[in-house]
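This is input-v6.txt. It holds compact mmCIF, C-alpha atoms and all ligand atoms.
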```txt
# COMPACT_ATOMS: atom_id res chain seq x y z
CA MET A 1 -82.68 -28.56 45.21
CA ALA A 2 -80.26 -27.30 47.81
CA LEU A 3 -78.93 -23.96 49.00
CA ILE A 4 -75.14 -24.07 48.76
CA VAL A 5 -72.67 -21.42 49.90
CA GLN A 6 -69.34 -21.80 48.09
CA LYS A 7 -66.18 -19.91 48.98
CA TYR A 8 -63.30 -19.59 46.54
CA GLY A 9 -59.90 -18.55 47.96
CA GLY A 10 -57.21 -16.34 46.47
CA THR A 11 -55.40 -18.93 44.33
CA SER A 12 -58.71 -20.19 42.94
CA VAL A 13 -59.51 -16.69 41.61
CA GLY A 14 -55.86 -15.75 41.02
CA SER A 15 -56.21 -14.93 37.30
CA VAL A 16 -58.91 -14.13 34.77
CA GLU A 17 -58.63 -17.71 33.44
CA ARG A 18 -59.23 -19.11 36.92
CA ILE A 19 -62.17 -16.78 37.49
CA GLU A 20 -63.68 -18.09 34.23
CA LYS A 21 -63.21 -21.66 35.52
CA VAL A 22 -64.92 -20.76 38.79
CA ALA A 23 -67.80 -19.21 36.82
CA GLU A 24 -68.16 -22.45 34.86
CA ARG A 25 -68.33 -24.49 38.05
CA VAL A 26 -70.82 -22.12 39.70
CA ALA A 27 -73.02 -22.00 36.58
CA THR A 28 -73.10 -25.82 36.46
CA LEU A 29 -74.17 -26.01 40.11
CA LYS A 30 -76.90 -23.45 39.44
CA GLU A 31 -78.08 -25.25 36.28
CA ALA A 32 -78.39 -28.44 38.32
CA GLY A 33 -81.21 -26.66 40.19
CA ASN A 34 -79.43 -25.36 43.28
CA ASP A 35 -79.55 -21.94 44.86
CA VAL A 36 -75.96 -20.72 44.95
CA VAL A 37 -74.28 -17.99 46.98
CA VAL A 38 -70.58 -17.47 46.29
CA VAL A 39 -68.10 -15.77 48.63
CA VAL A 40 -64.76 -14.81 47.12
CA SER A 41 -61.34 -13.69 48.34
CA ALA A 42 -59.10 -11.18 46.65
CA MET A 43 -56.96 -12.50 43.77
CA SER A 44 -53.88 -14.23 45.21
CA GLY A 45 -51.17 -11.82 46.37
CA GLU A 46 -53.53 -8.84 46.22
CA THR A 47 -54.10 -8.42 49.96
CA ASN A 48 -50.32 -8.57 50.53
CA ARG A 49 -49.81 -5.96 47.79
CA LEU A 50 -52.38 -3.66 49.40
CA MET A 51 -50.75 -4.18 52.78
CA GLU A 52 -47.34 -3.19 51.34
CA LEU A 53 -48.82 -0.05 49.79
CA ALA A 54 -50.28 0.92 53.16
CA THR A 55 -47.12 0.22 55.16
CA SER A 56 -44.96 2.10 52.64
CA ILE A 57 -46.82 5.23 53.66
CA MET A 58 -47.37 4.44 57.31
CA PRO A 59 -45.39 1.53 58.90
CA GLN A 60 -48.14 1.09 61.51
CA PRO A 61 -51.13 2.00 59.32
CA ASN A 62 -54.15 3.75 60.74
CA PRO A 63 -56.50 0.77 61.29
CA ARG A 64 -59.64 2.40 59.89
CA GLU A 65 -57.90 3.49 56.72
CA LEU A 66 -56.09 0.16 56.40
CA ASP A 67 -59.47 -1.56 56.27
CA VAL A 68 -60.61 0.85 53.56
CA VAL A 69 -57.57 -0.18 51.50
CA LEU A 70 -57.57 -3.94 52.24
CA SER A 71 -61.25 -4.39 51.47
CA THR A 72 -60.80 -3.28 47.85
CA GLY A 73 -59.19 -6.59 46.80
CA GLU A 74 -62.38 -8.58 47.20
CA GLN A 75 -64.47 -5.93 45.44
CA VAL A 76 -62.53 -6.51 42.21
CA THR A 77 -63.12 -10.27 42.33
CA ILE A 78 -66.88 -10.11 42.92
CA GLY A 79 -67.35 -7.83 39.90
CA LEU A 80 -65.15 -9.95 37.63
CA LEU A 81 -66.83 -13.20 38.68
CA CYS A 82 -70.31 -11.75 38.08
CA MET A 83 -69.25 -10.64 34.61
CA ALA A 84 -67.96 -14.13 33.85
CA LEU A 85 -71.29 -15.59 35.03
CA ILE A 86 -73.46 -13.10 33.13
CA LYS A 87 -71.41 -13.79 29.98
CA ARG A 88 -72.42 -17.44 30.36
CA GLY A 89 -76.10 -16.54 30.57
CA CYS A 90 -76.19 -17.11 34.34
CA ALA A 91 -77.93 -14.21 36.12
CA ALA A 92 -75.70 -12.95 38.92
CA LYS A 93 -75.31 -9.96 41.19
CA SER A 94 -72.43 -8.88 43.40
CA TYR A 95 -72.42 -7.28 46.84
CA THR A 96 -69.67 -5.86 49.02
CA GLY A 97 -69.80 -6.61 52.75
CA SER A 98 -71.32 -3.23 53.52
CA GLN A 99 -73.95 -3.58 50.78
CA VAL A 100 -75.20 -6.91 52.15
CA ARG A 101 -74.71 -5.49 55.58
CA PHE A 102 -72.33 -7.84 57.22
CA ARG A 103 -72.60 -6.00 60.56
CA THR A 104 -69.44 -6.30 62.65
CA ASP A 105 -68.01 -4.72 65.77
CA SER A 106 -65.57 -1.85 65.30
CA THR A 107 -62.29 -3.73 65.88
CA HIS A 108 -60.58 -2.73 62.66
CA THR A 109 -58.45 -5.43 60.96
CA LYS A 110 -59.88 -8.18 63.19
CA ALA A 111 -63.57 -7.37 63.43
CA ARG A 112 -66.13 -9.90 64.58
CA ILE A 113 -69.39 -10.51 62.72
CA GLU A 114 -72.44 -9.60 64.82
CA HIS A 115 -75.31 -9.87 62.38
CA ILE A 116 -75.96 -10.45 58.68
CA GLU A 117 -78.91 -8.85 56.92
CA ASP A 118 -79.88 -11.49 54.41
CA GLU A 119 -83.02 -9.97 52.83
CA ARG A 120 -81.39 -8.77 49.61
CA ILE A 121 -79.65 -12.08 49.08
CA ARG A 122 -82.86 -14.04 49.64
CA ALA A 123 -84.73 -11.79 47.20
CA ASP A 124 -82.05 -12.30 44.52
CA LEU A 125 -82.08 -16.06 45.04
CA ALA A 126 -85.86 -16.05 44.69
CA ASP A 127 -85.40 -14.18 41.40
CA GLY A 128 -83.12 -16.96 40.17
CA ARG A 129 -79.79 -15.16 40.52
CA VAL A 130 -76.46 -16.39 41.76
CA VAL A 131 -75.32 -14.00 44.49
CA VAL A 132 -71.62 -13.18 44.76
CA VAL A 133 -70.45 -11.63 48.03
CA ALA A 134 -67.08 -10.11 48.93
CA GLY A 135 -65.47 -12.08 51.74
CA PHE A 136 -63.26 -10.73 54.54
CA GLN A 137 -65.20 -7.48 55.03
CA GLY A 138 -68.08 -5.93 56.89
CA VAL A 139 -69.37 -2.66 58.20
CA ASP A 140 -69.74 -1.41 61.77
CA LYS A 141 -72.79 0.33 63.24
CA ASP A 142 -71.42 3.73 62.20
CA GLY A 143 -70.90 2.69 58.59
CA ASN A 144 -67.11 2.21 58.81
CA ILE A 145 -65.66 -0.54 56.61
CA THR A 146 -64.07 -3.33 58.66
CA THR A 147 -62.09 -6.48 57.83
CA LEU A 148 -62.13 -9.83 59.60
CA GLY A 149 -58.43 -10.73 59.85
CA ARG A 150 -56.26 -12.60 57.35
CA GLY A 151 -58.01 -15.61 55.87
CA GLY A 152 -61.33 -14.05 56.92
CA SER A 153 -63.28 -14.99 53.79
CA ASP A 154 -63.69 -18.48 55.24
CA THR A 155 -65.53 -16.89 58.16
CA SER A 156 -67.65 -14.72 55.86
CA ALA A 157 -68.76 -17.86 54.01
CA VAL A 158 -69.60 -19.90 57.11
CA ALA A 159 -71.41 -16.98 58.76
CA LEU A 160 -73.46 -16.44 55.61
CA ALA A 161 -74.24 -20.16 55.40
CA ALA A 162 -75.42 -20.02 59.03
CA ALA A 163 -77.58 -16.93 58.39
CA LEU A 164 -79.15 -18.46 55.27
CA LYS A 165 -79.43 -21.93 56.88
CA ALA A 166 -77.64 -23.32 53.84
CA ASP A 167 -77.55 -27.06 53.23
CA GLU A 168 -73.76 -26.98 52.95
CA CYS A 169 -70.88 -24.53 53.11
CA GLN A 170 -68.11 -25.54 50.73
CA ILE A 171 -64.61 -24.04 51.07
CA LEU A 172 -62.96 -24.47 47.68
CA THR A 173 -59.21 -24.05 47.77
CA ASP A 174 -55.91 -25.14 46.24
CA VAL A 175 -55.80 -28.48 48.13
CA ASP A 176 -58.47 -31.19 47.85
CA GLY A 177 -59.28 -31.34 51.56
CA VAL A 178 -57.84 -31.27 55.05
CA TYR A 179 -54.67 -33.35 55.31
CA THR A 180 -52.89 -35.04 58.20
CA SER A 181 -50.36 -32.20 57.90
CA ASP A 182 -49.70 -29.32 55.52
CA PRO A 183 -49.04 -31.20 52.24
CA ARG A 184 -46.56 -28.48 51.26
CA ILE A 185 -44.40 -29.44 54.25
CA VAL A 186 -45.08 -33.18 54.41
CA PRO A 187 -45.34 -34.75 50.94
CA LYS A 188 -46.59 -38.02 52.50
CA ALA A 189 -49.53 -36.24 54.19
CA ARG A 190 -52.87 -37.97 53.62
CA ARG A 191 -56.28 -36.42 52.97
CA LEU A 192 -58.85 -37.07 55.69
CA ASP A 193 -62.40 -37.94 54.60
CA LYS A 194 -63.76 -36.57 57.87
CA ILE A 195 -62.47 -34.66 60.86
CA THR A 196 -64.34 -33.56 64.00
CA PHE A 197 -65.08 -29.88 64.66
CA GLU A 198 -63.05 -30.11 67.82
CA GLU A 199 -59.97 -31.39 66.02
CA MET A 200 -60.38 -28.93 63.17
CA LEU A 201 -60.63 -26.11 65.68
CA GLU A 202 -57.31 -27.17 67.24
CA MET A 203 -55.65 -27.67 63.85
CA ALA A 204 -56.77 -24.20 62.70
CA SER A 205 -55.75 -22.46 65.91
CA LEU A 206 -52.39 -24.25 65.94
CA GLY A 207 -51.47 -23.09 62.46
CA SER A 208 -53.26 -25.09 59.72
CA LYS A 209 -54.38 -22.16 57.67
CA VAL A 210 -56.61 -24.24 55.40
CA LEU A 211 -59.53 -22.82 57.46
CA GLN A 212 -59.54 -19.62 59.49
CA ILE A 213 -60.18 -20.52 63.12
CA ARG A 214 -63.24 -18.31 63.46
CA SER A 215 -64.91 -20.05 60.53
CA VAL A 216 -64.65 -23.36 62.38
CA GLU A 217 -65.96 -21.76 65.59
CA PHE A 218 -68.94 -20.42 63.65
CA ALA A 219 -69.62 -23.72 61.95
CA GLY A 220 -69.52 -25.54 65.29
CA LYS A 221 -71.74 -22.99 67.04
CA TYR A 222 -74.40 -22.83 64.33
CA ASN A 223 -74.10 -26.41 63.17
CA VAL A 224 -73.17 -25.52 59.60
CA PRO A 225 -72.29 -28.56 57.47
CA LEU A 226 -68.78 -27.62 56.31
CA ARG A 227 -66.66 -29.24 53.60
CA VAL A 228 -63.20 -28.40 52.25
CA LEU A 229 -62.76 -29.19 48.55
CA SER A 230 -60.44 -28.52 45.64
CA SER A 231 -61.50 -25.75 43.29
CA PHE A 232 -59.49 -27.37 40.49
CA GLU A 233 -60.67 -30.96 40.50
CA ASP A 234 -63.72 -33.00 41.52
CA GLY A 235 -63.72 -35.04 44.72
CA GLU A 236 -65.37 -35.56 48.08
CA GLY A 237 -62.92 -33.37 50.00
CA THR A 238 -63.08 -33.39 53.80
CA LEU A 239 -66.26 -33.12 55.83
CA ILE A 240 -66.00 -31.37 59.19
CA THR A 241 -68.33 -33.34 61.44
CA TYR A 242 -69.73 -33.50 64.95
CA ASP A 243 -69.87 -37.23 65.02
CA GLU A 244 -66.79 -38.30 66.92
CA ASP A 245 -67.63 -41.94 67.53
CA THR A 246 -69.03 -43.55 64.44
CA ASN A 247 -67.81 -41.66 61.44
CA VAL A 248 -64.31 -40.52 62.05
CA GLU A 249 -61.19 -42.65 61.67
CA GLN A 250 -60.22 -44.25 64.95
CA ALA A 251 -56.84 -42.57 64.96
CA LEU A 252 -54.93 -41.52 68.05
CA ILE A 253 -53.56 -38.56 66.17
CA SER A 254 -55.52 -36.90 63.39
CA GLY A 255 -52.97 -34.40 62.31
CA ILE A 256 -49.93 -32.23 62.88
CA ALA A 257 -50.09 -28.44 62.74
CA ALA A 258 -47.21 -25.99 62.60
CA LYS A 259 -47.11 -22.29 63.30
CA ARG A 260 -44.18 -20.04 62.56
CA ASP A 261 -45.52 -16.62 63.33
CA GLU A 262 -44.91 -16.62 67.08
CA ALA A 263 -42.21 -15.11 69.25
CA GLN A 264 -41.06 -15.84 72.78
CA ILE A 265 -40.41 -13.34 75.58
CA THR A 266 -38.54 -14.31 78.76
CA LEU A 267 -38.26 -12.28 81.94
CA SER A 268 -35.39 -13.67 84.03
CA GLY A 269 -35.00 -12.92 87.73
CA VAL A 270 -38.61 -11.94 88.40
CA PRO A 271 -39.68 -11.81 92.09
CA ASP A 272 -41.40 -15.12 92.88
CA SER A 273 -44.37 -13.57 94.64
CA PRO A 274 -48.15 -13.47 94.24
CA GLY A 275 -49.41 -11.12 91.53
CA VAL A 276 -46.30 -11.14 89.37
CA ALA A 277 -47.92 -12.96 86.45
CA TYR A 278 -50.71 -10.43 86.50
CA GLN A 279 -48.29 -7.50 86.68
CA ILE A 280 -46.45 -8.78 83.61
CA LEU A 281 -49.36 -9.95 81.49
CA GLY A 282 -51.97 -7.37 82.54
CA PRO A 283 -50.38 -4.50 80.56
CA VAL A 284 -49.73 -6.81 77.60
CA SER A 285 -53.37 -7.81 77.42
CA ASP A 286 -54.46 -4.17 77.92
CA MET A 287 -52.68 -3.49 74.63
CA ASN A 288 -54.88 -6.10 72.95
CA ILE A 289 -51.93 -8.46 72.47
CA GLU A 290 -52.89 -12.12 72.61
CA VAL A 291 -50.64 -14.29 74.75
CA ASP A 292 -50.37 -17.95 73.83
CA MET A 293 -48.14 -20.27 75.88
CA ILE A 294 -47.10 -19.26 79.41
CA VAL A 295 -44.45 -20.99 81.52
CA GLN A 296 -43.21 -20.00 84.95
CA ASN A 297 -40.29 -21.96 86.34
CA VAL A 298 -39.94 -23.06 89.94
CA GLY A 299 -38.16 -20.22 91.71
CA ALA A 300 -34.95 -20.15 93.73
CA ASP A 301 -33.79 -17.43 96.15
CA GLY A 302 -37.13 -15.66 95.78
CA LEU A 303 -36.62 -15.19 92.03
CA THR A 304 -38.00 -17.03 89.01
CA ASP A 305 -38.12 -16.99 85.18
CA PHE A 306 -41.31 -16.20 83.33
CA THR A 307 -41.71 -17.03 79.63
CA PHE A 308 -44.61 -16.49 77.27
CA THR A 309 -45.28 -16.36 73.53
CA VAL A 310 -47.08 -13.74 71.44
CA GLY A 311 -47.74 -13.33 67.72
CA ARG A 312 -44.52 -12.28 65.96
CA SER A 313 -46.13 -9.12 64.62
CA ASP A 314 -46.92 -8.08 68.21
CA LEU A 315 -43.40 -8.68 69.54
CA ASP A 316 -42.09 -5.09 69.30
CA LYS A 317 -45.25 -3.72 70.88
CA ALA A 318 -45.08 -6.28 73.72
CA MET A 319 -41.37 -5.64 74.34
CA SER A 320 -41.75 -1.87 74.56
CA CYS A 321 -44.78 -2.27 76.80
CA LEU A 322 -42.74 -4.49 79.17
CA GLN A 323 -39.65 -2.27 79.05
CA GLU A 324 -41.75 0.72 80.08
CA ARG A 325 -42.95 -1.25 83.09
CA ILE A 326 -39.65 -2.86 84.02
CA GLU A 327 -39.75 -1.42 87.53
CA THR A 328 -42.56 -3.89 88.34
CA CYS A 329 -40.11 -6.79 88.09
CA GLY A 330 -37.17 -5.43 90.04
CA ASN A 331 -33.86 -6.07 88.28
CA CYS A 332 -35.20 -8.67 85.90
CA GLU A 333 -33.78 -9.07 82.42
CA ILE A 334 -36.10 -9.19 79.39
CA THR A 335 -35.07 -11.14 76.31
CA SER A 336 -36.93 -12.23 73.19
CA ASN A 337 -36.60 -14.81 70.42
CA ASP A 338 -38.48 -14.44 67.16
CA SER A 339 -37.12 -17.50 65.37
CA ILE A 340 -39.27 -20.09 67.08
CA ALA A 341 -42.02 -22.32 65.74
CA LYS A 342 -44.76 -24.30 67.38
CA VAL A 343 -45.44 -27.86 66.27
CA SER A 344 -48.53 -29.63 67.59
CA LEU A 345 -50.06 -33.09 67.52
CA VAL A 346 -53.88 -33.07 67.48
CA GLY A 347 -56.28 -35.94 68.03
CA VAL A 348 -59.37 -36.79 70.06
CA GLY A 349 -57.89 -40.29 70.48
CA MET A 350 -55.32 -38.79 72.87
CA ARG A 351 -57.99 -38.55 75.54
CA SER A 352 -57.91 -42.25 76.13
CA HIS A 353 -54.25 -43.01 75.43
CA ALA A 354 -51.16 -42.34 77.47
CA GLY A 355 -47.66 -42.31 76.06
CA ILE A 356 -48.21 -39.99 73.11
CA ALA A 357 -46.21 -37.15 74.66
CA SER A 358 -43.22 -39.35 75.44
CA LYS A 359 -43.22 -40.77 71.91
CA MET A 360 -43.33 -37.22 70.56
CA PHE A 361 -40.44 -36.10 72.76
CA LYS A 362 -38.35 -39.17 71.87
CA THR A 363 -38.92 -38.62 68.14
CA LEU A 364 -37.75 -35.02 68.42
CA SER A 365 -34.78 -35.96 70.56
CA ASP A 366 -33.74 -38.66 68.04
CA GLU A 367 -33.58 -35.89 65.45
CA GLY A 368 -31.52 -33.69 67.80
CA ILE A 369 -34.30 -31.12 68.12
CA ASN A 370 -34.38 -29.23 71.40
CA ILE A 371 -37.80 -28.53 72.94
CA GLN A 372 -38.05 -25.05 74.45
CA LEU A 373 -41.65 -25.01 75.73
CA ILE A 374 -44.41 -27.59 76.04
CA SER A 375 -48.13 -27.19 76.46
CA THR A 376 -50.86 -29.81 76.45
CA SER A 377 -54.61 -30.12 76.51
CA GLU A 378 -56.90 -33.15 76.34
CA ILE A 379 -56.59 -33.39 72.57
CA LYS A 380 -53.30 -31.71 71.68
CA ILE A 381 -49.60 -31.50 72.59
CA SER A 382 -47.63 -28.48 71.42
CA VAL A 383 -43.91 -27.88 71.56
CA VAL A 384 -41.94 -24.76 70.75
CA ILE A 385 -38.71 -25.44 68.85
CA ASP A 386 -36.16 -23.53 66.79
CA GLU A 387 -37.87 -22.42 63.60
CA LYS A 388 -35.22 -23.99 61.41
CA TYR A 389 -36.34 -27.48 62.51
CA VAL A 390 -40.04 -27.08 61.82
CA GLU A 391 -40.08 -29.10 58.60
CA LEU A 392 -37.85 -31.85 59.97
CA ALA A 393 -39.99 -32.12 63.13
CA ASN A 394 -43.19 -32.25 61.10
CA ARG A 395 -41.96 -35.04 58.85
CA ALA A 396 -40.35 -37.05 61.63
CA LEU A 397 -43.53 -36.94 63.73
CA HIS A 398 -45.68 -37.80 60.71
CA ASP A 399 -43.56 -40.92 60.17
CA ALA A 400 -43.32 -41.84 63.84
CA PHE A 401 -47.09 -41.81 64.28
CA GLY A 402 -47.70 -43.51 60.91
CA LEU A 403 -50.06 -40.79 59.75
CA ASP A 404 -49.66 -41.76 56.10
CA GLN A 405 -51.42 -45.06 56.89
CA VAL A 406 -55.22 -45.32 57.15
CA PRO A 407 -55.88 -46.53 60.74
CA ASP A 408 -57.58 -49.93 61.19
P1 LIG A 501 -57.21 -20.01 50.18
O1 LIG A 501 -56.47 -18.93 49.47
O2 LIG A 501 -58.02 -20.87 49.27
O3 LIG A 501 -58.00 -19.51 51.37
P2 LIG A 501 -55.10 -20.91 51.96
O4 LIG A 501 -53.74 -20.69 51.40
O5 LIG A 501 -55.61 -19.95 52.97
O6 LIG A 501 -56.10 -21.01 50.71
O7 LIG A 501 -55.24 -22.38 52.59
C1 LIG A 501 -54.87 -23.51 51.82
C2 LIG A 501 -53.46 -23.94 52.21
O8 LIG A 501 -53.47 -24.39 53.55
C3 LIG A 501 -52.92 -25.10 51.43
O9 LIG A 501 -52.33 -24.71 50.22
C4 LIG A 501 -51.94 -25.75 52.40
O10 LIG A 501 -50.61 -25.43 52.10
C5 LIG A 501 -52.28 -25.13 53.74
N1 LIG A 501 -52.48 -26.13 54.81
C6 LIG A 501 -51.94 -26.06 56.05
N2 LIG A 501 -52.27 -27.12 56.78
C7 LIG A 501 -53.07 -27.89 56.00
C8 LIG A 501 -53.74 -29.14 56.21
N3 LIG A 501 -53.66 -29.81 57.37
N4 LIG A 501 -54.47 -29.65 55.19
C9 LIG A 501 -54.57 -29.00 54.01
N5 LIG A 501 -53.95 -27.81 53.76
C10 LIG A 501 -53.20 -27.26 54.73
N1 LIG A 502 -57.94 -11.67 51.08
C1 LIG A 502 -57.84 -11.88 52.50
C2 LIG A 502 -56.47 -12.44 52.86
O1 LIG A 502 -55.62 -12.61 52.00
C3 LIG A 502 -58.95 -12.75 53.05
C4 LIG A 502 -58.93 -14.19 52.55
O2 LIG A 502 -58.26 -14.51 51.57
O3 LIG A 502 -59.64 -15.00 53.16
O4 LIG A 502 -56.23 -12.68 54.01
MG MG A 503 -57.43 -19.03 53.34
```
What does this structure look like when you write it as structure tokens?
Ligand code: ADP
Ligand code: ASP
Ligand code: MG
Amino acid sequence: MALIVQKYGGTSVGSVERIEKVAERVATLKEAGNDVVVVVSAMSGETNRLMELATSIMPQPNPRELDVVLSTGEQVTIGLLCMALIKRGCAAKSYTGSQVRFRTDSTHTKARIEHIEDERIRADLADGRVVVVAGFQGVDKDGNITTLGRGGSDTSAVALAAALKADECQILTDVDGVYTSDPRIVPKARRLDKITFEEMLEMASLGSKVLQIRSVEFAGKYNVPLRVLSSFEDGEGTLITYDEDTNVEQALISGIAAKRDEAQITLSGVPDSPGVAYQILGPVSDMNIEVDMIVQNVGADGLTDFTFTVGRSDLDKAMSCLQERIETCGNCEITSNDSIAKVSLVGVGMRSHAGIASKMFKTLSDEGINIQLISTSEIKISVVIDEKYVELANRALHDAFGLDQVPD
């Protein structure tokens, strides 16, 4: 007998018929003698619908009230799934995030989980019930409802699995595992049997939304066995593993990730003097805007260009923040571009191999794709390109690195 935490995403609970299918699967797992805790997302499209309702009243919604609205989507799904289980003779009980007490900090819309009170869940499991928990939501120390950021149900599931010391955390979704690239963009993408935490962390942070980045961080930190599986068909899925040497394919590149929701800001003619980077980025970070890539060119005549990227939804905020402080950069000109995309190669094999970057750049140049920014780490190379080339770049790189072939 094992304790399994399963998470079903929006598409997997997107209709009453699909919820019934999920109930069938959960009931079978329970009947096989396992303790089962299920975390669910809102039905597909529901969180977007709630977001539109909120922004139709207030374009920049009040964050506390936005969380009150957004968290309702998951509450519908937990109730419906429990009904479908009870109808099948499978005892089940639902909890919202605040009922369990998923304690978070107070950063509305991107709260971080601090502590999970698991007593009620353990008591229900001991009584033979399946426990169904609303993903994506928590409660702060003052009782305010919080949410964990888009895709946050993955993190709810992994955090719960860590708190309960579950034998496995299974993320059930509309693909049957983690692929070498988003299978919707690259039809030839191949499912990986295993991927290391480190690589999965890079893939998630560089745009592969199959797992929310914080869920991978949690799984790595608390050593939660994590598997991505299809909710529609049986299969082994993809295991996220620590074991870099013996179990994982000996590939140079494990995958390609793409991210479209970034924007680029350039300050041209900035004084090339100490402290300028801080003067530009300090106010941006004070506004809680995350900066991603940063490039400062070699200066001439005491002036230089400074470019950085932010999330596209933060672009207006970042631009007005910089415009208010323009005096700090003399007569510099500030421009922005919100039709960029970042494409990244990820692989632990890069550590020991040179030449990957040049092959990447040649492949893109053969396709006539201009590279605007480059950033590298030990296990990834990212380039910023025009958004309209993101699919072409993805497919060309997938072919060039032979990612559809199982490595020897
Ligand atoms: P859920 O609603 O179940 O949380 P998501 O839409 O958040 O599902 O994540 C699943 C989607 O992630 C897939 O449909 C796929 O298009 C996308 N995806 C992006 N990169 C990858 C990848 N490398 N492997 C598998 N899926 C990926
Ligand atoms: N329902 C939320 C979203 O759409 C959380 C999730 O699905 O993980 O982002
Ligand atoms: Mg998701």
Next item on the list: Using all atoms listed in the file, find each protein or nucleic acid residue lying at most 12 Å from ligand MG 503 (chain A); present the set as number ranges by chain.
Entry: A: 7-12, 40-45, 47, 135-136, 149-157, 171-175, 204, 207-215, 228
Output of the above residues as a PDB file, in the frame of the given file, restricted to C-alpha atoms:
```
ATOM      1  CA  LYS A   7     -66.180 -19.910  48.980  1.00  0.00           C
ATOM      2  CA  TYR A   8     -63.300 -19.590  46.540  1.00  0.00           C
ATOM      3  CA  GLY A   9     -59.900 -18.550  47.960  1.00  0.00           C
ATOM      4  CA  GLY A  10     -57.210 -16.340  46.470  1.00  0.00           C
ATOM      5  CA  THR A  11     -55.400 -18.930  44.330  1.00  0.00           C
ATOM      6  CA  SER A  12     -58.710 -20.190  42.940  1.00  0.00           C
ATOM      7  CA  VAL A  40     -64.760 -14.810  47.120  1.00  0.00           C
ATOM      8  CA  SER A  41     -61.340 -13.690  48.340  1.00  0.00           C
ATOM      9  CA  ALA A  42     -59.100 -11.180  46.650  1.00  0.00           C
ATOM     10  CA  MET A  43     -56.960 -12.500  43.770  1.00  0.00           C
ATOM     11  CA  SER A  44     -53.880 -14.230  45.210  1.00  0.00           C
ATOM     12  CA  GLY A  45     -51.170 -11.820  46.370  1.00  0.00           C
ATOM     13  CA  THR A  47     -54.100  -8.420  49.960  1.00  0.00           C
ATOM     14  CA  GLY A 135     -65.470 -12.080  51.740  1.00  0.00           C
ATOM     15  CA  PHE A 136     -63.260 -10.730  54.540  1.00  0.00           C
ATOM     16  CA  GLY A 149     -58.430 -10.730  59.850  1.00  0.00           C
ATOM     17  CA  ARG A 150     -56.260 -12.600  57.350  1.00  0.00           C
ATOM     18  CA  GLY A 151     -58.010 -15.610  55.870  1.00  0.00           C
ATOM     19  CA  GLY A 152     -61.330 -14.050  56.920  1.00  0.00           C
ATOM     20  CA  SER A 153     -63.280 -14.990  53.790  1.00  0.00           C
ATOM     21  CA  ASP A 154     -63.690 -18.480  55.240  1.00  0.00           C
ATOM     22  CA  THR A 155     -65.530 -16.890  58.160  1.00  0.00           C
ATOM     23  CA  SER A 156     -67.650 -14.720  55.860  1.00  0.00           C
ATOM     24  CA  ALA A 157     -68.760 -17.860  54.010  1.00  0.00           C
ATOM     25  CA  ILE A 171     -64.610 -24.040  51.070  1.00  0.00           C
ATOM     26  CA  LEU A 172     -62.960 -24.470  47.680  1.00  0.00           C
ATOM     27  CA  THR A 173     -59.210 -24.050  47.770  1.00  0.00           C
ATOM     28  CA  ASP A 174     -55.910 -25.140  46.240  1.00  0.00           C
ATOM     29  CA  VAL A 175     -55.800 -28.480  48.130  1.00  0.00           C
ATOM     30  CA  ALA A 204     -56.770 -24.200  62.700  1.00  0.00           C
ATOM     31  CA  GLY A 207     -51.470 -23.090  62.460  1.00  0.00           C
ATOM     32  CA  SER A 208     -53.260 -25.090  59.720  1.00  0.00           C
ATOM     33  CA  LYS A 209     -54.380 -22.160  57.670  1.00  0.00           C
ATOM     34  CA  VAL A 210     -56.610 -24.240  55.400  1.00  0.00           C
ATOM     35  CA  LEU A 211     -59.530 -22.820  57.460  1.00  0.00           C
ATOM     36  CA  GLN A 212     -59.540 -19.620  59.490  1.00  0.00           C
ATOM     37  CA  ILE A 213     -60.180 -20.520  63.120  1.00  0.00           C
ATOM     38  CA  ARG A 214     -63.240 -18.310  63.460  1.00  0.00           C
ATOM     39  CA  SER A 215     -64.910 -20.050  60.530  1.00  0.00           C
ATOM     40  CA  VAL A 228     -63.200 -28.400  52.250  1.00  0.00           C
TER      41      VAL A 228
END
```
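Among the candidates A:Val69, A:Val37, A:Val16, A:Leu29, the one nearest to ligand LIG 502 (chain A) when counting all atoms listed in the file is A:Val69.
The nearest approach to Ala263 (chain A) among the residues A:Val76, A:Val295, A:Leu281, A:Ala318, with only C-alpha atoms taken into account, belongs to A:Ala318.
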Notebook entry, point to check: With all atoms listed in the file as the atoms that count, which of A:Val68, A:Ala126, A:Val406, A:Val13 lies nearest to Thr109 (chain A)?
Noted result: A:Val68
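CA of Ser15 (chain A) is positioned 15.5 Å from atom C4 of ligand LIG 502 (chain A).
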Checklist line | Given only C-alpha atoms and all ligand atoms as the counted atoms, nearest of A:Ser71, A:Ser377, A:Asn144, A:Ser344 to ligand LIG 501 (chain A) | finding: A:Ser344
Notebook entry, point to check: Taking into account only C-alpha atoms, which residue in the set A:Val284, A:Val133, A:Val26, A:Ile371 is nearest to Ile340 (chain A)?
Noted result: A:Ile371
For ligand LIG 501 (chain A), I'd like the enclosing box, axis-aligned and padded by 3 Å on every side, reported as AutoDock Vina command-line options with centre and edge lengths in Å to one decimal.
```
--center_x -54.3 --center_y -24.4 --center_z 53.3 --size_x 13.4 --size_y 16.9 --size_z 14.1
```
Notebook entry, point to check: Looking at only C-alpha atoms, which of A:Asp105, A:Asp286, A:Glu52, A:Glu114 is the one that sits closest to Asp142 (chain A)?
Noted result: A:Asp105
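The coordinates place CA of Glu168 (chain A) at 8.4 Å from CA of Gln6 (chain A).
In this model, the gap between CA of Val178 (chain A) and CA of Lys21 (chain A) comes to 22.4 Å.
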